[in-house]
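Q: My questions will all concern the structure given below.
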Amino acid sequence: MMSTLLQNVGDWHTHNYRCKHATGEIDEYIIHAIRKRLAIIGLSDHFPISYASEDNSLRLQKFAMAFNEVEEYLAEAKRLKAYYKNKIDVKIGFEVGYLEGKEAQYFNRITSLNGSIDYIIGSVHTVKLEGKYWGLKNEDLENIIKKYGAHVVYAKYFETVRKMLLSEKFELDIIGHLDFIKNGKESPQLNDFILEKIYELIPYIKERDVVVEINTQGMRNGYKKLYPCKKVVRMLYDHDIPVLLSSDAHSPGDVGFGFTEVMNYIKELGYASVIGFNKRKKVSYGVN
Ligand SMILES: [Zn+2]
Ligand SMILES: [Zn+2]
């Protein structure tokens with residue numbers, strides 16, 4: 001059982017069966033968060049993706065719930081929030097995958113939900129190269145690196161994050177897995193390049209006034225590191241950028257994974273609070 005270290009801490013990034021690549025019902029995730037003595041659990045399943053038939057090579061329909069499931073997801077989340085209210089604070093949100101050029105399509109859909117959601121995680125899972133969308137995982141990523149070279153693909157990823165931050169039509173409160181492009185692998189020859197690219201993003205992160213998640217998904221696989229890595233977390237601290245914790249759970253047992261270690265690390269750096277959201281407004285939670 002975790003100590004009081006986590007009494008003010010939430011896990012702001014969790015999925016459920018609806019996105020078709022996670023397992024478990026929402027209430028199983030909530031129960032795991034209660035067991036781990038977290039103060040908050042944020043539900044942030046993948047927001048439906050608008051994809052045209054020419055984008056189907058990405059198999060995008062397998063990465064999110066369908067548009068006609070949104071209402072049911074929100075209704076279930078609200079019902080569970082009320083049911084568990086004396087045990088844990090349930091927050092309701094979405095992770096929205098940024099698709100360059102499709103910002104306007106999301107805008108109305110997301111803003112129409114504003115009264116019902118607490119927050120939005122904006123994440124880049126795909127890049128658009130030569131007019132085509134490409135996934136950034138495993139063989140999809142390997143294929144484009146073969147075609148374009150690692151520096152081009154990595155640079156494009158960070159440029160896409162910058163575009164997401166600059167887009168007035170793309171709503172977000174939190175940046176998801178900032179160095180996702182690493183795909184669970186360390187490439188020593190690219191590390192300095194990645195740090196440089198993230199350093200260039202700092203003014204845009206500050207200008208958009210968003211929070212960066214410290215995501216423990218990589219700690220559960222062979223990568224054994226945080227997204228973003230500790231060097232980046234230090235850079236965020238040095239630039240006074242607020243953070244929050246997330247597991248990116250795709251299975252109920254993932255909730256709160258590695259949080260004690262992360263909390264110790266960020267407190268050591270000097271962070272005195274982590275951030276959360278209520279109806280899209282920032283809330284600060286002291287961690288001392
Ligand atoms: Zn997912
Ligand atoms: Zn994601």
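For the structure tokens, the naming scheme is as follows: chains receive sequential letters (A, B, ...) according to their order of presentation, residues are indexed from 1 within each chain, and ligands are indexed from 1 in presentation order.
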Neighbouring residues of ligand 1 are defined here as those with any atom at most 10 Å from a ligand atom, counting only C-alpha atoms and all ligand atoms; list them as a list of chain:residue names.
A: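 The neighbouring residues of ligand 1 are, in order, A:His13, A:Thr14, A:His15, A:Asn16, A:Tyr17, A:Cys19, A:Lys20, A:His21, A:Ala22, A:Ser44, A:Asp45, A:His46, A:Lys62, A:Phe63, A:Ala64, A:Glu95, A:Gly97, A:His125, A:Asp248, A:Ala249, A:His250.
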Q: Quick one: residues within 8 Å of Ala39 in chain A, only C-alpha atoms, excluding same-chain residues fewer than 2 positions away - as an mmCIF file with C-alpha atoms, in the first residue's frame?
A:
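around-v5.cif written:
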data_model
loop_
_atom_site.group_PDB
_atom_site.id
_atom_site.type_symbol
_atom_site.label_atom_id
_atom_site.label_comp_id
_atom_site.auth_asym_id
_atom_site.auth_seq_id
_atom_site.Cartn_x
_atom_site.Cartn_y
_atom_site.Cartn_z
ATOM 1 C CA LEU A 6 0.026 10.216 -2.844
ATOM 2 C CA GLN A 7 -2.814 11.651 -0.802
ATOM 3 C CA ASN A 8 -3.098 14.735 -3.014
ATOM 4 C CA VAL A 9 -2.110 13.069 -6.236
ATOM 5 C CA GLY A 10 -4.236 11.975 -9.143
ATOM 6 C CA ILE A 34 -8.886 3.684 -4.641
ATOM 7 C CA ARG A 37 -4.947 5.503 -2.280
ATOM 8 C CA ILE A 41 -8.621 9.434 -11.006
ATOM 9 C CA ILE A 88 -12.183 9.209 -4.695
ATOM 10 C CA ASP A 89 -12.572 12.283 -6.857
#
Q: Which residues of range 92-182 of chain A come within 12 Å of range 279-283 of chain A, and what is each one's closest atom pair and distance in Å (one decimal), counting only C-alpha atoms, sorted by chain and residue number, as JSON lines?
A:
{"residue": "A:Ile92", "atom": "CA", "partner": "A:Lys279", "partner_atom": "CA", "distance": 8.7}
{"residue": "A:Gly93", "atom": "CA", "partner": "A:Arg280", "partner_atom": "CA", "distance": 9.2}
{"residue": "A:Phe94", "atom": "CA", "partner": "A:Arg280", "partner_atom": "CA", "distance": 11.5}
{"residue": "A:Ile110", "atom": "CA", "partner": "A:Arg280", "partner_atom": "CA", "distance": 11.9}
{"residue": "A:Thr111", "atom": "CA", "partner": "A:Arg280", "partner_atom": "CA", "distance": 11.0}
{"residue": "A:Leu113", "atom": "CA", "partner": "A:Lys279", "partner_atom": "CA", "distance": 10.3}
{"residue": "A:Asn114", "atom": "CA", "partner": "A:Lys279", "partner_atom": "CA", "distance": 7.3}
{"residue": "A:Gly115", "atom": "CA", "partner": "A:Lys279", "partner_atom": "CA", "distance": 6.8}
{"residue": "A:Ser116", "atom": "CA", "partner": "A:Lys279", "partner_atom": "CA", "distance": 7.4}
{"residue": "A:Ile117", "atom": "CA", "partner": "A:Lys279", "partner_atom": "CA", "distance": 5.8}
{"residue": "A:Asp118", "atom": "CA", "partner": "A:Lys279", "partner_atom": "CA", "distance": 3.8}
{"residue": "A:Tyr119", "atom": "CA", "partner": "A:Arg280", "partner_atom": "CA", "distance": 4.9}
{"residue": "A:Ile120", "atom": "CA", "partner": "A:Arg280", "partner_atom": "CA", "distance": 7.8}
{"residue": "A:Ile121", "atom": "CA", "partner": "A:Arg280", "partner_atom": "CA", "distance": 10.8}
{"residue": "A:Glu171", "atom": "CA", "partner": "A:Arg280", "partner_atom": "CA", "distance": 10.2}
{"residue": "A:Leu172", "atom": "CA", "partner": "A:Arg280", "partner_atom": "CA", "distance": 9.0}
{"residue": "A:Asp173", "atom": "CA", "partner": "A:Arg280", "partner_atom": "CA", "distance": 7.2}
{"residue": "A:Ile174", "atom": "CA", "partner": "A:Arg280", "partner_atom": "CA", "distance": 10.3}
Q: So the first atom is CA of Asn215 in chain A and the second is CA of Glu103 in chain A; what is the distance between them in Å, to one decimal place?
A: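 Going from CA of Asn215 in chain A over to CA of Glu103 in chain A covers 24.3 Å.
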Q: Write down as an NGL selection string the residues of range 88-216 of chain A whose backbone DSSP state falls under alpha helix (DSSP H).
A: :A and (103-111 or 138-148 or 150-166 or 188-208)
Q: Write down as number ranges by chain the residues of range 72-268 of chain A whose backbone DSSP state falls under strand (DSSP E or B).
A: A: 89-97, 119-123, 126-129, 132-135, 174-175, 211-215, 227, 243-246, 249
Q: Can those selected residues be exported to a file as a CSV table (one decimal), in the first residue's frame so that it contains N, CA and C atoms?
A:
chain,number,residue,atom,x,y,z
A,89,ASP,N,-12.1,11.2,-6.0
A,89,ASP,CA,-12.6,12.3,-6.9
A,89,ASP,C,-12.4,11.8,-8.3
A,90,VAL,N,-13.5,11.6,-9.0
A,90,VAL,CA,-13.4,11.1,-10.4
A,90,VAL,C,-13.5,12.4,-11.3
A,91,LYS,N,-12.5,12.5,-12.2
A,91,LYS,CA,-12.5,13.7,-13.1
A,91,LYS,C,-12.7,13.1,-14.5
A,92,ILE,N,-13.4,13.8,-15.4
A,92,ILE,CA,-13.8,13.3,-16.7
A,92,ILE,C,-13.2,14.1,-17.8
A,93,GLY,N,-12.5,13.4,-18.7
A,93,GLY,CA,-11.9,14.1,-19.8
A,93,GLY,C,-11.7,13.2,-21.0
A,94,PHE,N,-10.8,13.6,-21.9
A,94,PHE,CA,-10.5,12.8,-23.1
A,94,PHE,C,-9.0,13.0,-23.4
A,95,GLU,N,-8.4,12.0,-24.0
A,95,GLU,CA,-7.2,12.3,-24.7
A,95,GLU,C,-7.5,12.4,-26.2
A,96,VAL,N,-7.1,13.6,-26.7
A,96,VAL,CA,-7.4,13.8,-28.1
A,96,VAL,C,-6.2,13.8,-28.9
A,97,GLY,N,-6.1,12.9,-29.9
A,97,GLY,CA,-5.0,12.8,-30.8
A,97,GLY,C,-5.0,13.9,-31.8
A,119,TYR,N,-11.2,18.1,-18.4
A,119,TYR,CA,-9.9,18.4,-19.1
A,119,TYR,C,-9.7,17.7,-20.4
A,120,ILE,N,-8.7,18.2,-21.1
A,120,ILE,CA,-8.4,17.5,-22.4
A,120,ILE,C,-6.9,17.3,-22.5
A,121,ILE,N,-6.5,16.1,-22.7
A,121,ILE,CA,-5.1,15.8,-23.0
A,121,ILE,C,-4.9,15.9,-24.5
A,122,GLY,N,-4.0,16.7,-25.0
A,122,GLY,CA,-3.6,16.8,-26.4
A,122,GLY,C,-2.4,16.0,-26.6
A,123,SER,N,-2.4,15.0,-27.6
A,123,SER,CA,-1.3,14.2,-27.8
A,123,SER,C,-1.0,14.0,-29.3
A,126,THR,N,0.4,10.8,-34.4
A,126,THR,CA,0.6,10.6,-35.9
A,126,THR,C,1.3,11.9,-36.4
A,127,VAL,N,2.0,11.7,-37.5
A,127,VAL,CA,2.5,12.9,-38.2
A,127,VAL,C,2.1,12.9,-39.7
A,128,LYS,N,2.0,14.0,-40.3
A,128,LYS,CA,1.6,14.1,-41.7
A,128,LYS,C,2.9,14.4,-42.5
A,129,LEU,N,3.2,13.5,-43.4
A,129,LEU,CA,4.4,13.7,-44.2
A,129,LEU,C,3.9,13.5,-45.7
A,132,LYS,N,0.3,12.6,-46.1
A,132,LYS,CA,-0.2,11.3,-45.6
A,132,LYS,C,0.0,11.2,-44.1
A,133,TYR,N,-0.9,10.7,-43.4
A,133,TYR,CA,-0.8,10.5,-42.0
A,133,TYR,C,0.0,9.2,-41.7
A,134,TRP,N,0.9,9.2,-40.7
A,134,TRP,CA,1.6,8.0,-40.4
A,134,TRP,C,1.6,7.9,-38.8
A,135,GLY,N,1.4,6.6,-38.4
A,135,GLY,CA,1.4,6.3,-37.0
A,135,GLY,C,2.9,6.3,-36.5
A,174,ILE,N,-3.5,19.7,-21.3
A,174,ILE,CA,-2.4,18.9,-20.9
A,174,ILE,C,-1.7,18.4,-22.2
A,175,ILE,N,-0.4,18.4,-22.2
A,175,ILE,CA,0.3,17.8,-23.3
A,175,ILE,C,0.6,16.3,-22.9
A,211,VAL,N,-0.3,22.2,-19.1
A,211,VAL,CA,0.5,21.4,-18.1
A,211,VAL,C,1.1,20.2,-18.9
A,212,VAL,N,2.2,19.8,-18.4
A,212,VAL,CA,2.9,18.6,-19.1
A,212,VAL,C,2.7,17.4,-18.2
A,213,GLU,N,2.2,16.3,-18.8
A,213,GLU,CA,2.1,15.1,-17.9
A,213,GLU,C,3.4,14.4,-17.8
A,214,ILE,N,3.6,13.8,-16.7
A,214,ILE,CA,4.7,12.9,-16.5
A,214,ILE,C,4.1,11.5,-16.5
A,215,ASN,N,4.4,10.8,-17.6
A,215,ASN,CA,3.6,9.6,-18.0
A,215,ASN,C,4.5,8.4,-17.7
A,227,TYR,N,8.0,9.2,-19.8
A,227,TYR,CA,7.7,10.1,-20.9
A,227,TYR,C,7.2,11.4,-20.3
A,243,VAL,N,3.3,20.4,-13.8
A,243,VAL,CA,3.2,19.0,-14.3
A,243,VAL,C,2.1,18.3,-13.5
A,244,LEU,N,1.7,17.2,-14.0
A,244,LEU,CA,0.9,16.2,-13.3
A,244,LEU,C,1.3,14.8,-13.6
A,245,LEU,N,0.8,13.9,-12.9
A,245,LEU,CA,1.2,12.5,-13.1
A,245,LEU,C,0.1,11.7,-13.8
A,246,SER,N,0.6,10.8,-14.6
A,246,SER,CA,-0.3,9.9,-15.4
A,246,SER,C,0.3,8.6,-15.6
A,249,ALA,N,-2.9,4.3,-18.3
A,249,ALA,CA,-3.3,2.9,-18.1
A,249,ALA,C,-4.2,2.4,-19.2
